[in-house]
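Below is one structure, written out as structure tokens, with a few remarks after it.
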Amino acid sequence: MHKVADVEVAKNIMDANAKLAHKNLHHLEDHDIFCIDFVGAIGSGKTALIEDIIDNVDEKIGVLAGDIISDFDADRIKSHNAPVVGLNTGTECHLDAHLVSHGLGDLPLDDIDYLFIENVGNLICPVDFELGSHMRIVVVSVTEGDDTVEKHPYIFQGSDLIIINKIDLADAVGASVDKMVADAKKLNPDVKVITTSLKEGIGLDEVIKAIEEHKAHIEHHHHHD
Ligand SMILES: Nc1nc2c(ncn2[C@@H]2O[C@H](COP(=O)(O)OP(=O)(O)OP(=O)(O)O)[C@@H](O)[C@H]2O)c(=O)[nH]1
Ligand SMILES: [Mg+2]
């Protein structure tokens with residue numbers, strides 16, 4: 001009995017979140033904004049990737065930065081002259097569409113071309129919580145262990161681009177990059193898997209190109225709807 005009730009409550013929460021996520025997406029499209037949701041393990045390099053992209057593209061990028069407390073990542077992004085709003089989840093291990101809708105109200109939506117949302121570092125909790133993005137990018141690094149990908153199938157299956165970062169440290173931690181790439185391709189054969197060392201500037205161009213391609217792909221489909 002308890003279990004049935006729990007499932008009902010969970011379903012209602014998910015339905016409400018999905019509705020709000022669609023509302024967020026329409027709101028963003030009204031402002032011609034392409035939205036990317038960055039998920040990944042703690043410390044895998046999500047903020048570093050967002051900072052590098054901001055510094056290397058001409059388009060204007062706004063950011064919603066999720067942290068459980070304080071403005072750690074928002075403060076880093078601020079120093080790159082991008083409009084940013086910090087979102088605190090408290091004890092929750094993921095952002096949700098409701099928090100994002102509040103964040104949107106504090107961003108200059110008419111002045112940005114892209115919205116990047118950095119989720120809380122976690123490979124499990126964010127899986128089912130749509131935020132209203134056009135694309136989800138998952139970032140893991142070799143230092144989490146080269147079995148990280150195969151152990152977390154759902155987040156990799158639900159992403160549109162997979163990034164394996166910190167390849168400069170692979171030898172030091174005895175991780176096989178090839179294994180991680182193979183695991184990712186097996187879980188999600190339809191998406192690109194890119195290996196990067198943000199520290200050494202390797203792979204960043206390829207990531208930017210993959211984002212542009214996904215954006216073009218989605219816009220093409222919109223025109224044919
Ligand atoms: N060696 C090495 N270090 C990296 C690389 N990319 C990021 N780092 C470092 O890894 C640490 C964590 O990077 P962040 O960008 O803060 O990671 P994050 O995923 O945003 O972390 P959370 O938001 O806390 O989940 C920082 O000290 C980065 O400088 C890389 O390619 N190689
Ligand atoms: Mg971060």
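Each chain in the structure tokens gets a letter, A, B, ..., in the order shown, and its residues are numbered from 1; ligands are numbered from 1 in order too.
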
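Near ligand 1, at distances of 7 Å or less and with only C-alpha atoms and all ligand atoms counted, sit the residues A:Gly40, A:Ala41, A:Ile42, A:Gly43, A:Ser44, A:Gly45, A:Lys46, A:Thr47, A:Ala48, A:Leu49, A:Asp67, A:Asp73, A:Val120, A:Gly121, A:Asn165, A:Lys166, A:Ile167, A:Asp168, A:Leu169, A:Thr196, A:Ser197, A:Leu198, A:Lys199, A:Glu200.
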
Those residues with C-alpha atoms, as an mmCIF file, in the first residue's frame please?
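Okay, again12.cif is ready:
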```cif
data_model
loop_
_atom_site.group_PDB
_atom_site.id
_atom_site.type_symbol
_atom_site.label_atom_id
_atom_site.label_comp_id
_atom_site.auth_asym_id
_atom_site.auth_seq_id
_atom_site.Cartn_x
_atom_site.Cartn_y
_atom_site.Cartn_z
ATOM 1 C CA GLY A 40 27.581 15.186 -14.964
ATOM 2 C CA ALA A 41 29.561 13.891 -12.046
ATOM 3 C CA ILE A 42 30.771 16.163 -9.255
ATOM 4 C CA GLY A 43 33.946 17.940 -10.325
ATOM 5 C CA SER A 44 33.949 16.457 -13.835
ATOM 6 C CA GLY A 45 34.443 19.862 -15.468
ATOM 7 C CA LYS A 46 30.943 21.216 -16.191
ATOM 8 C CA THR A 47 31.729 24.765 -15.068
ATOM 9 C CA ALA A 48 35.153 24.671 -16.742
ATOM 10 C CA LEU A 49 33.481 23.658 -20.030
ATOM 11 C CA ASP A 67 24.693 24.576 -6.565
ATOM 12 C CA ASP A 73 29.876 28.351 -9.852
ATOM 13 C CA VAL A 120 24.037 19.870 -9.648
ATOM 14 C CA GLY A 121 26.920 17.392 -9.951
ATOM 15 C CA ASN A 165 37.086 14.972 -19.759
ATOM 16 C CA LYS A 166 40.500 15.147 -18.058
ATOM 17 C CA ILE A 167 42.123 12.727 -20.490
ATOM 18 C CA ASP A 168 45.429 14.340 -19.454
ATOM 19 C CA LEU A 169 45.030 12.465 -16.150
ATOM 20 C CA THR A 196 38.595 16.385 -23.883
ATOM 21 C CA SER A 197 41.279 17.860 -21.724
ATOM 22 C CA LEU A 198 39.946 21.273 -20.871
ATOM 23 C CA LYS A 199 43.189 21.881 -19.011
ATOM 24 C CA GLU A 200 45.176 21.439 -22.222
#
```

*Using backbone DSSP assignments, extract all strand (DSSP E or B) residues from stretch 25-217 of chain A; output them as a PyMOL selection string.*
chain A and resi 34-40+61-67+84-88+114-118+122+135-141+161-165+192-195+197+202

*asked:* Could you check the closest approach to A:Ile53 for each of A:Leu204, A:Ala170, A:Val127, A:Leu28 and tell me which residue wins, using only C-alpha atoms?
replied: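 Using only C-alpha atoms, the shortest distance to A:Ile53 belongs to A:Leu204.
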
*Mind checking DSSP for stretch 77-153 of chain A and telling me the alpha helix (DSSP H) residues as JSON, numbers by chain?*
{"A": [77, 78, 97, 98, 99, 100, 101, 102, 103, 104, 148, 149, 150, 151, 153]}

_Nearest to ligand 2 by atom-to-atom distance, counting only C-alpha atoms and all ligand atoms, from A:Thr143, A:Asn122, A:Gln157, A:Asn188_ =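 Of all the options, A:Asn122 lies closest to ligand 2.
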
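Near A:Lys186, within 10 Å and counting only C-alpha atoms, sit Glu150, Pro153, Phe156, Gln157 and Met180 of chain A, not including residues fewer than 6 positions from it in the same chain.
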
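Counting only C-alpha atoms and comparing A:Glu118, A:Asp171, A:Asp15, A:Asp147, the residue that lies closest to A:Asp183 is A:Asp147.
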
*Find the residue from A:His217, A:Arg136, A:His31, A:Lys179 that sits nearest to A:Gly158; use only C-alpha atoms when measuring.*
A:Arg136

*asked:* One decimal, in Å: what's the spacing between atom CA of A:Ile68 and atom CA of A:Glu144?
replied: 20.4 Å

*Which residue out of A:Met135, A:Val149, A:Ala97, A:Cys125 has the minimum interatomic distance to A:Glu213 when only C-alpha atoms are used?*
A:Met135

*Atom-to-atom span, atom CA of A:Phe72 and atom CA of A:Thr89, Å*: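 Result for atom CA of A:Phe72 versus atom CA of A:Thr89: 13.0 Å, one decimal.
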
_Just to confirm, what's the straight-line distance from atom CA of A:His102 to atom CA of A:Asp32 in Å (one decimal)?_
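That distance, rounded to one decimal, is 18.6 Å.
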
*Name the closest residue to ligand 2 among the candidates A:Lys19, A:Lys11, A:Arg76, A:His27; distances are taken between atoms, counting only C-alpha atoms and all ligand atoms.*
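Checking each of A:Lys19, A:Lys11, A:Arg76, A:His27 against ligand 2, counting only C-alpha atoms and all ligand atoms, the winner is A:Arg76.
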
*Excluding A:Ser101 and any residue of its chain fewer than 3 positions from it, enumerate the residues within 9 Å of it, using only C-alpha atoms, and give them as a PyMOL selection string.*
chain A and resi 20-21+23-24+96-98+104-105+131

*Just the residues within 6 Å of A:Val138, please, counting only C-alpha atoms, with nothing from its chain fewer than 4 positions along; format it as a PyMOL selection string.*
chain A and resi 38-40+162

Convert the current residue selection to file output with C-alpha atoms, as a JSON list (two decimals), in the first residue's frame.
```json
[["chain", "number", "residue", "atom", "x", "y", "z"],
["A", 38, "PHE", "CA", 24.79, 20.35, -18.58],
["A", 39, "VAL", "CA", 24.77, 17.34, -16.28],
["A", 40, "GLY", "CA", 27.58, 15.19, -14.96],
["A", 162, "ILE", "CA", 28.74, 12.73, -24.17]]
```
